[in-house]
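Data block for model-v4.cif (mmCIF, C-alpha atoms and all ligand atoms; chains and numbers go by the auth columns):
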```cif
data_upload
#
loop_
_atom_site.group_PDB
_atom_site.id
_atom_site.type_symbol
_atom_site.label_atom_id
_atom_site.label_comp_id
_atom_site.label_asym_id
_atom_site.label_seq_id
_atom_site.Cartn_x
_atom_site.Cartn_y
_atom_site.Cartn_z
_atom_site.B_iso_or_equiv
_atom_site.auth_seq_id
_atom_site.auth_asym_id
ATOM 1 C CA MET A 1 -94.070 -107.789 53.571 0.00 283 A
ATOM 2 C CA CYS A 2 -92.020 -110.511 51.942 0.00 284 A
ATOM 3 C CA GLN A 3 -90.543 -113.238 54.062 0.00 285 A
ATOM 4 C CA SER A 4 -86.906 -112.143 53.623 0.00 286 A
ATOM 5 C CA VAL A 5 -87.620 -108.575 54.757 0.00 287 A
ATOM 6 C CA LYS A 6 -89.540 -109.914 57.736 0.00 288 A
ATOM 7 C CA SER A 7 -86.666 -112.244 58.646 0.00 289 A
ATOM 8 C CA SER A 8 -84.168 -109.403 58.371 0.00 290 A
ATOM 9 C CA LEU A 9 -86.284 -107.238 60.647 0.00 291 A
ATOM 10 C CA VAL A 10 -86.573 -110.030 63.185 0.00 292 A
ATOM 11 C CA PHE A 11 -82.831 -110.595 62.984 0.00 293 A
ATOM 12 C CA MET A 12 -82.052 -106.861 63.383 0.00 294 A
ATOM 13 C CA SER A 13 -84.388 -106.650 66.369 0.00 295 A
ATOM 14 C CA LEU A 14 -82.654 -109.579 67.992 0.00 296 A
ATOM 15 C CA VAL A 15 -79.248 -108.015 67.390 0.00 297 A
ATOM 16 C CA PHE A 16 -80.474 -104.692 68.759 0.00 298 A
ATOM 17 C CA PHE A 17 -81.946 -106.179 71.928 0.00 299 A
ATOM 18 C CA SER A 18 -78.952 -108.370 72.507 0.00 300 A
ATOM 19 C CA LEU A 19 -76.659 -105.336 72.105 0.00 301 A
ATOM 20 C CA VAL A 20 -78.761 -103.304 74.513 0.00 302 A
ATOM 21 C CA SER A 21 -78.788 -106.038 77.127 0.00 303 A
ATOM 22 C CA THR A 22 -75.037 -106.608 76.746 0.00 304 A
ATOM 23 C CA MET A 23 -74.415 -102.880 77.188 0.00 305 A
ATOM 24 C CA ASP A 24 -76.668 -102.793 80.254 0.00 306 A
ATOM 25 C CA MET A 25 -74.825 -105.671 81.822 0.00 307 A
ATOM 26 C CA ALA A 26 -71.419 -104.202 81.064 0.00 308 A
ATOM 27 C CA LYS A 27 -72.504 -100.794 82.317 0.00 309 A
ATOM 28 C CA SER A 28 -73.477 -102.156 85.717 0.00 310 A
ATOM 29 C CA ALA A 29 -70.056 -102.174 87.312 0.00 311 A
ATOM 30 C CA VAL A 30 -70.255 -104.477 90.288 0.00 312 A
ATOM 31 C CA LEU A 31 -68.297 -103.649 93.391 0.00 313 A
ATOM 32 C CA ILE A 32 -68.553 -106.441 95.931 0.00 314 A
ATOM 33 C CA ASN A 33 -68.428 -106.376 99.718 0.00 315 A
ATOM 34 C CA GLY A 34 -68.486 -102.572 99.889 0.00 316 A
ATOM 35 C CA SER A 35 -69.463 -102.765 103.564 0.00 317 A
ATOM 36 C CA PHE A 36 -66.546 -105.074 104.489 0.00 318 A
ATOM 37 C CA GLU A 37 -68.917 -107.682 105.943 0.00 319 A
ATOM 38 C CA SER A 38 -67.661 -110.839 104.226 0.00 320 A
ATOM 39 C CA GLY A 39 -64.376 -112.697 104.196 0.00 321 A
ATOM 40 C CA SER A 40 -62.263 -114.722 106.591 0.00 322 A
ATOM 41 C CA PHE A 41 -62.602 -112.580 109.692 0.00 323 A
ATOM 42 C CA ALA A 42 -60.378 -113.969 112.462 0.00 324 A
ATOM 43 C CA PRO A 43 -60.495 -111.319 115.189 0.00 325 A
ATOM 44 C CA ASN A 44 -58.335 -110.880 118.249 0.00 326 A
ATOM 45 C CA SER A 45 -59.773 -110.374 121.749 0.00 327 A
ATOM 46 C CA GLN A 46 -60.837 -106.839 120.723 0.00 328 A
ATOM 47 C CA ASN A 47 -62.972 -108.198 117.871 0.00 329 A
ATOM 48 C CA THR A 48 -60.408 -106.692 115.476 0.00 330 A
ATOM 49 C CA MET A 49 -58.230 -108.256 112.794 0.00 331 A
ATOM 50 C CA THR A 50 -55.039 -106.612 111.545 0.00 332 A
ATOM 51 C CA LEU A 51 -54.608 -107.043 107.781 0.00 333 A
ATOM 52 C CA ASN A 52 -51.143 -106.731 106.282 0.00 334 A
ATOM 53 C CA ILE A 53 -50.169 -105.272 102.920 0.00 335 A
ATOM 54 C CA GLY A 54 -51.373 -107.636 100.200 0.00 336 A
ATOM 55 C CA ALA A 55 -54.017 -109.283 102.413 0.00 337 A
ATOM 56 C CA THR A 56 -57.125 -110.512 100.572 0.00 338 A
ATOM 57 C CA SER A 57 -59.021 -111.742 103.645 0.00 339 A
ATOM 58 C CA MET A 58 -61.866 -109.336 102.900 0.00 340 A
ATOM 59 C CA THR A 59 -63.768 -110.653 99.890 0.00 341 A
ATOM 60 C CA GLY A 60 -63.051 -108.537 96.806 0.00 342 A
ATOM 61 C CA TRP A 61 -60.505 -106.202 98.430 0.00 343 A
ATOM 62 C CA THR A 62 -56.704 -106.053 98.589 0.00 344 A
ATOM 63 C CA VAL A 63 -54.855 -104.111 101.287 0.00 345 A
ATOM 64 C CA PHE A 64 -52.001 -101.823 100.188 0.00 346 A
ATOM 65 C CA ASN A 65 -49.519 -99.244 101.500 0.00 347 A
ATOM 66 C CA ASP A 66 -49.710 -100.252 105.190 0.00 348 A
ATOM 67 C CA GLN A 67 -51.594 -102.394 107.687 0.00 349 A
ATOM 68 C CA ILE A 68 -55.266 -101.732 108.424 0.00 350 A
ATOM 69 C CA ALA A 69 -57.688 -102.861 111.136 0.00 351 A
ATOM 70 C CA TRP A 70 -60.884 -104.734 110.258 0.00 352 A
ATOM 71 C CA ILE A 71 -63.178 -104.119 113.236 0.00 353 A
ATOM 72 C CA GLY A 72 -66.319 -105.950 114.323 0.00 354 A
ATOM 73 C CA THR A 73 -69.217 -105.077 116.618 0.00 355 A
ATOM 74 C CA PRO A 74 -69.139 -104.895 119.586 0.00 356 A
ATOM 75 C CA ASN A 75 -65.600 -103.621 120.179 0.00 357 A
ATOM 76 C CA PRO A 76 -63.852 -101.819 123.057 0.00 358 A
ATOM 77 C CA PHE A 77 -63.013 -98.655 121.049 0.00 359 A
ATOM 78 C CA TYR A 78 -65.083 -95.934 122.719 0.00 360 A
ATOM 79 C CA GLY A 79 -68.272 -96.381 120.777 0.00 361 A
ATOM 80 C CA LEU A 80 -66.817 -96.875 117.306 0.00 362 A
ATOM 81 C CA SER A 81 -69.499 -98.471 115.172 0.00 363 A
ATOM 82 C CA PRO A 82 -70.123 -99.131 111.468 0.00 364 A
ATOM 83 C CA THR A 83 -72.538 -97.222 109.237 0.00 365 A
ATOM 84 C CA SER A 84 -73.614 -100.413 107.516 0.00 366 A
ATOM 85 C CA GLY A 85 -73.687 -104.007 108.765 0.00 367 A
ATOM 86 C CA SER A 86 -71.446 -104.983 111.663 0.00 368 A
ATOM 87 C CA ARG A 87 -67.896 -104.419 110.396 0.00 369 A
ATOM 88 C CA PHE A 88 -65.833 -101.417 109.266 0.00 370 A
ATOM 89 C CA LEU A 89 -62.210 -100.388 108.744 0.00 371 A
ATOM 90 C CA ASP A 90 -59.671 -98.247 110.560 0.00 372 A
ATOM 91 C CA LEU A 91 -56.962 -97.424 108.011 0.00 373 A
ATOM 92 C CA THR A 92 -54.471 -96.617 110.805 0.00 374 A
ATOM 93 C CA ASP A 93 -54.596 -100.149 112.260 0.00 375 A
ATOM 94 C CA TYR A 94 -53.211 -99.826 115.832 0.00 376 A
ATOM 95 C CA ALA A 95 -50.429 -97.407 114.884 0.00 377 A
ATOM 96 C CA PHE A 96 -50.282 -93.628 115.174 0.00 378 A
ATOM 97 C CA GLY A 97 -48.957 -91.503 112.330 0.00 379 A
ATOM 98 C CA ILE A 98 -48.148 -92.121 108.683 0.00 380 A
ATOM 99 C CA PRO A 99 -48.090 -94.267 106.688 0.00 381 A
ATOM 100 C CA TYR A 100 -51.709 -95.402 106.633 0.00 382 A
ATOM 101 C CA GLY A 101 -53.230 -98.332 104.843 0.00 383 A
ATOM 102 C CA GLY A 102 -55.588 -98.496 101.899 0.00 384 A
ATOM 103 C CA VAL A 103 -57.895 -100.919 100.143 0.00 385 A
ATOM 104 C CA ARG A 104 -58.522 -101.397 96.458 0.00 386 A
ATOM 105 C CA GLN A 105 -60.767 -103.388 94.198 0.00 387 A
ATOM 106 C CA THR A 106 -60.860 -103.651 90.399 0.00 388 A
ATOM 107 C CA VAL A 107 -64.247 -103.717 88.669 0.00 389 A
ATOM 108 C CA SER A 108 -65.368 -104.045 85.046 0.00 390 A
ATOM 109 C CA THR A 109 -66.386 -100.729 83.516 0.00 391 A
ATOM 110 C CA VAL A 110 -67.271 -99.286 80.124 0.00 392 A
ATOM 111 C CA PRO A 111 -64.773 -96.680 78.893 0.00 393 A
ATOM 112 C CA SER A 112 -66.369 -93.187 78.876 0.00 394 A
ATOM 113 C CA ALA A 113 -69.313 -94.348 81.003 0.00 395 A
ATOM 114 C CA ILE A 114 -70.080 -92.354 84.149 0.00 396 A
ATOM 115 C CA TYR A 115 -70.313 -93.858 87.616 0.00 397 A
ATOM 116 C CA ARG A 116 -70.991 -92.595 91.109 0.00 398 A
ATOM 117 C CA LEU A 117 -68.735 -93.727 93.959 0.00 399 A
ATOM 118 C CA SER A 118 -69.820 -93.142 97.553 0.00 400 A
ATOM 119 C CA PHE A 119 -68.468 -94.160 100.956 0.00 401 A
ATOM 120 C CA ASP A 120 -68.333 -93.085 104.605 0.00 402 A
ATOM 121 C CA VAL A 121 -65.204 -91.570 106.167 0.00 403 A
ATOM 122 C CA GLY A 122 -64.927 -91.844 109.934 0.00 404 A
ATOM 123 C CA ALA A 123 -63.244 -89.475 112.407 0.00 405 A
ATOM 124 C CA TYR A 124 -62.994 -89.391 116.177 0.00 406 A
ATOM 125 C CA TRP A 125 -62.726 -86.496 118.639 0.00 407 A
ATOM 126 C CA GLY A 126 -59.301 -85.270 117.688 0.00 408 A
ATOM 127 C CA GLY A 127 -59.732 -83.784 114.237 0.00 409 A
ATOM 128 C CA THR A 128 -60.078 -84.381 110.544 0.00 410 A
ATOM 129 C CA SER A 129 -59.636 -87.716 108.806 0.00 411 A
ATOM 130 C CA LYS A 130 -58.785 -87.855 105.116 0.00 412 A
ATOM 131 C CA ILE A 131 -58.940 -90.576 102.498 0.00 413 A
ATOM 132 C CA ARG A 132 -57.517 -90.169 99.010 0.00 414 A
ATOM 133 C CA VAL A 133 -59.843 -91.755 96.474 0.00 415 A
ATOM 134 C CA THR A 134 -58.880 -92.602 92.903 0.00 416 A
ATOM 135 C CA ALA A 135 -61.059 -94.261 90.245 0.00 417 A
ATOM 136 C CA GLY A 136 -61.084 -93.585 86.498 0.00 418 A
ATOM 137 C CA ASP A 137 -60.605 -89.828 86.082 0.00 419 A
ATOM 138 C CA LEU A 138 -61.310 -89.164 89.788 0.00 420 A
ATOM 139 C CA ASP A 139 -58.539 -88.187 92.203 0.00 421 A
ATOM 140 C CA ALA A 140 -59.966 -86.517 95.302 0.00 422 A
ATOM 141 C CA GLU A 141 -59.726 -86.249 99.081 0.00 423 A
ATOM 142 C CA ALA A 142 -62.665 -87.341 101.221 0.00 424 A
ATOM 143 C CA THR A 143 -62.758 -85.840 104.720 0.00 425 A
ATOM 144 C CA ALA A 144 -64.602 -86.189 108.019 0.00 426 A
ATOM 145 C CA THR A 145 -64.398 -83.762 110.945 0.00 427 A
ATOM 146 C CA PRO A 146 -66.210 -84.438 114.221 0.00 428 A
ATOM 147 C CA VAL A 147 -68.647 -81.786 115.410 0.00 429 A
ATOM 148 C CA ARG A 148 -68.435 -81.515 119.187 0.00 430 A
ATOM 149 C CA PRO A 149 -69.908 -82.683 121.478 0.00 431 A
ATOM 150 C CA GLN A 150 -70.338 -85.553 119.069 0.00 432 A
ATOM 151 C CA VAL A 151 -67.140 -87.587 119.177 0.00 433 A
ATOM 152 C CA HIS A 152 -67.490 -90.242 116.536 0.00 434 A
ATOM 153 C CA THR A 153 -68.526 -88.864 113.155 0.00 435 A
ATOM 154 C CA TRP A 154 -69.077 -90.490 109.814 0.00 436 A
ATOM 155 C CA THR A 155 -69.232 -88.229 106.744 0.00 437 A
ATOM 156 C CA ARG A 156 -70.530 -89.501 103.414 0.00 438 A
ATOM 157 C CA PHE A 157 -68.405 -88.752 100.352 0.00 439 A
ATOM 158 C CA SER A 158 -69.915 -89.039 96.898 0.00 440 A
ATOM 159 C CA SER A 159 -68.495 -88.194 93.506 0.00 441 A
ATOM 160 C CA LEU A 160 -68.998 -88.969 89.838 0.00 442 A
ATOM 161 C CA PHE A 161 -66.167 -90.302 87.716 0.00 443 A
ATOM 162 C CA THR A 162 -65.701 -91.334 84.112 0.00 444 A
ATOM 163 C CA ALA A 163 -64.222 -94.742 83.422 0.00 445 A
ATOM 164 C CA ILE A 164 -61.154 -94.663 81.207 0.00 446 A
ATOM 165 C CA GLU A 165 -60.617 -98.368 80.623 0.00 447 A
ATOM 166 C CA SER A 166 -62.627 -101.589 80.637 0.00 448 A
ATOM 167 C CA ASN A 167 -61.330 -102.226 84.150 0.00 449 A
ATOM 168 C CA THR A 168 -61.274 -99.572 86.864 0.00 450 A
ATOM 169 C CA THR A 169 -59.443 -99.863 90.158 0.00 451 A
ATOM 170 C CA ILE A 170 -61.278 -98.241 93.046 0.00 452 A
ATOM 171 C CA SER A 171 -58.526 -97.155 95.430 0.00 453 A
ATOM 172 C CA LEU A 172 -59.120 -95.762 98.937 0.00 454 A
ATOM 173 C CA LEU A 173 -55.971 -94.746 100.796 0.00 455 A
ATOM 174 C CA GLY A 174 -55.712 -93.200 104.249 0.00 456 A
ATOM 175 C CA ILE A 175 -53.710 -89.957 104.159 0.00 457 A
ATOM 176 C CA GLN A 176 -54.617 -88.277 107.473 0.00 458 A
ATOM 177 C CA ALA A 177 -55.968 -89.655 110.733 0.00 459 A
ATOM 178 C CA ASP A 178 -57.555 -87.562 113.426 0.00 460 A
ATOM 179 C CA SER A 179 -54.825 -86.198 115.663 0.00 461 A
ATOM 180 C CA SER A 180 -55.553 -87.577 119.115 0.00 462 A
ATOM 181 C CA ASN A 181 -56.972 -91.024 118.605 0.00 463 A
ATOM 182 C CA GLY A 182 -55.414 -92.294 115.424 0.00 464 A
ATOM 183 C CA PHE A 183 -58.718 -93.289 113.859 0.00 465 A
ATOM 184 C CA LEU A 184 -59.430 -93.197 110.125 0.00 466 A
ATOM 185 C CA GLY A 185 -62.694 -94.969 109.436 0.00 467 A
ATOM 186 C CA LEU A 186 -64.065 -96.396 106.209 0.00 468 A
ATOM 187 C CA ASP A 187 -67.364 -98.187 105.539 0.00 469 A
ATOM 188 C CA ASN A 188 -70.247 -98.601 103.112 0.00 470 A
ATOM 189 C CA VAL A 189 -68.571 -98.192 99.691 0.00 471 A
ATOM 190 C CA VAL A 190 -71.187 -98.064 96.916 0.00 472 A
ATOM 191 C CA LEU A 191 -70.610 -97.924 93.167 0.00 473 A
ATOM 192 C CA GLU A 192 -73.471 -97.081 90.800 0.00 474 A
ATOM 193 C CA SER A 193 -73.790 -96.666 87.042 0.00 475 A
ATOM 194 C CA VAL A 194 -75.094 -93.226 86.185 0.00 476 A
ATOM 195 C CA GLN A 195 -75.249 -93.305 82.387 0.00 477 A
ATOM 196 C CA GLY A 196 -73.814 -95.177 79.441 0.00 478 A
ATOM 197 C CA SER A 197 -71.098 -94.091 77.072 0.00 479 A
ATOM 198 C CA ALA A 198 -71.714 -91.591 74.277 0.00 480 A
ATOM 199 C CA ALA A 199 -75.114 -91.777 72.578 0.00 481 A
ATOM 200 C CA VAL A 200 -75.596 -94.454 69.918 0.00 482 A
ATOM 201 C CA PRO A 201 -75.041 -92.749 66.554 0.00 483 A
ATOM 202 C CA GLU A 202 -77.993 -92.302 64.214 0.00 484 A
ATOM 203 C CA PRO A 203 -78.121 -94.895 61.405 0.00 485 A
HETATM 204 CA CA CA B . -69.793 -102.398 107.259 0.00 501 A
#
```
I'd like the structure from this file rewritten - as structure tokens, please.
Amino acid sequence: MCQSVKSSLVFMSLVFFSLVSTMDMAKSAVLINGSFESGSFAPNSQNTMTLNIGATSMTGWTVFNDQIAWIGTPNPFYGLSPTSGSRFLDLTDYAFGIPYGGVRQTVSTVPSAIYRLSFDVGAYWGGTSKIRVTAGDLDAEATATPVRPQVHTWTRFSSLFTAIESNTTISLLGIQADSSNGFLGLDNVVLESVQGSAAVPEP
């Protein structure tokens, strides 16, 4: 094999591997602080912090639509506890009835790549909680309904979505709280890459 062919092959290999590693990195959308553990938590006497619309106290997340409660452990709320770590959200804050709050975070994605988004929705004794989730081509309702005699229930939601743009906003908005206690829990948001964009065309 002549030197120039060998050099070309080496060069093409380098290009190929660098492309592959770039694609892998881009594909791995990174959602941070999905368990709401980090940030500037400044709780009241109930180990709870109210976050207003636009608040960015929780690392990576922005609050929208209405106030929410960021709750620590322990707390005085009848056994409410997180599914991951020591903190979780109540998208009703301290108020009963609509509107409810939401949180959103924008992550880098590869258009046409497929991702899996999962999180826990919390409900208390009084009925079904609902969170509207949007991300890429996903627009769905995630629900939790307590099964008596259990009073505090977390239900895992998981769905695939396809990214449309190079940035995707993961949006989780409370749309229904359980009827008697005004609780609408959220914790443990996880985003995973499932597969890359369309197959690399044959040369
Ligand atoms: Ca948590």
All residues having an atom within 7 Å of ligand CA 501 (chain A) (all atoms listed in the file) as a PyMOL selection string: chain A and resi 317-319+364-370+469-470
Applied to this file, what does the PyMOL selection byres (((chain A and resi 326-338) around 10) and not hetatm) return in terms of residues, put as a ChimeraX atom specification? /A:321-325,339-359,369-373,375-376,383-385
Please indicate the distance in Å from atom CA of Gln458 of chain A to atom CA of Thr437 of chain A, rounded to one decimal place.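 Result for atom CA of Gln458 of chain A versus atom CA of Thr437 of chain A: 14.6 Å, one decimal.
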Looking at all atoms listed in the file, which of A:Gln477, A:Asn315, A:Thr451, A:Ser390 is the one that sits closest to Gly418 of chain A?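 Checking each candidate against Gly418 of chain A, we get A:Thr451 as the closest.
For the atom pair formed by atom CA of Asp421 of chain A and atom CA of Phe443 of chain A, the distance is 9.1 Å, given to one decimal.
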Applying 12 Å and all atoms listed in the file, which residues near Asp419 of chain A remain after dropping the ones on its own chain fewer than 5 positions away? List them as a PyMOL selection string. chain A and resi 393-399+441-447+450-452
Could you write out as lines of an AutoDock Vina configuration file the box around segment 387-392 of chain A (axis-aligned, all atoms listed in the file, 8 Å on each side), with centre and edge lengths in Å to one decimal?
```
center_x = -64.0
center_y = -101.7
center_z = 87.2
size_x = 22.5
size_y = 20.8
size_z = 30.1
```
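Atom CA of Thr391 of chain A is found 5.3 Å from atom CA of Asn449 of chain A.
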Go through A:Trp436, A:Phe401, A:Phe465, A:Tyr360 one by one, measure the shortest atom-to-atom distance of each to Tyr382 of chain A using only C-alpha atoms, and give the residue with the smallest value.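 Among the listed residues, A:Phe465 lies closest to Tyr382 of chain A.
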What residues come out when you apply the PyMOL selection byres (((chain A and resi 473) around 8) and not hetatm) to this file, written as number ranges by chain? A: 311-313, 397-400, 471-472, 474-475
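Among the candidates A:Ser448, A:Thr425, A:Ile457, A:Phe378, the residue lying nearest to Val392 of chain A is A:Ser448 (atoms considered: only C-alpha atoms).
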Running the PyMOL selection byres (((chain A and resi 434) around 8) and not hetatm) on this model by hand, what would come out? Give it as a short mmCIF file (atom, residue, chain, number, x, y, z; two decimals) with C-alpha atoms, keeping the file's coordinate frame.
```cif
data_model
loop_
_atom_site.label_atom_id
_atom_site.label_comp_id
_atom_site.auth_asym_id
_atom_site.auth_seq_id
_atom_site.Cartn_x
_atom_site.Cartn_y
_atom_site.Cartn_z
CA GLY A 361 -68.27 -96.38 120.78
CA LEU A 362 -66.82 -96.88 117.31
CA GLY A 404 -64.93 -91.84 109.93
CA ALA A 405 -63.24 -89.48 112.41
CA TYR A 406 -62.99 -89.39 116.18
CA TRP A 407 -62.73 -86.50 118.64
CA PRO A 428 -66.21 -84.44 114.22
CA GLN A 432 -70.34 -85.55 119.07
CA VAL A 433 -67.14 -87.59 119.18
CA THR A 435 -68.53 -88.86 113.16
CA TRP A 436 -69.08 -90.49 109.81
#
```
So, with all atoms listed in the file as the atoms that count, which of A:Val389, A:Ser440, A:Gly464, A:Ala377 lies closest to Val415 of chain A?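 Among the listed residues, the smallest separation from Val415 of chain A belongs to A:Ser440.
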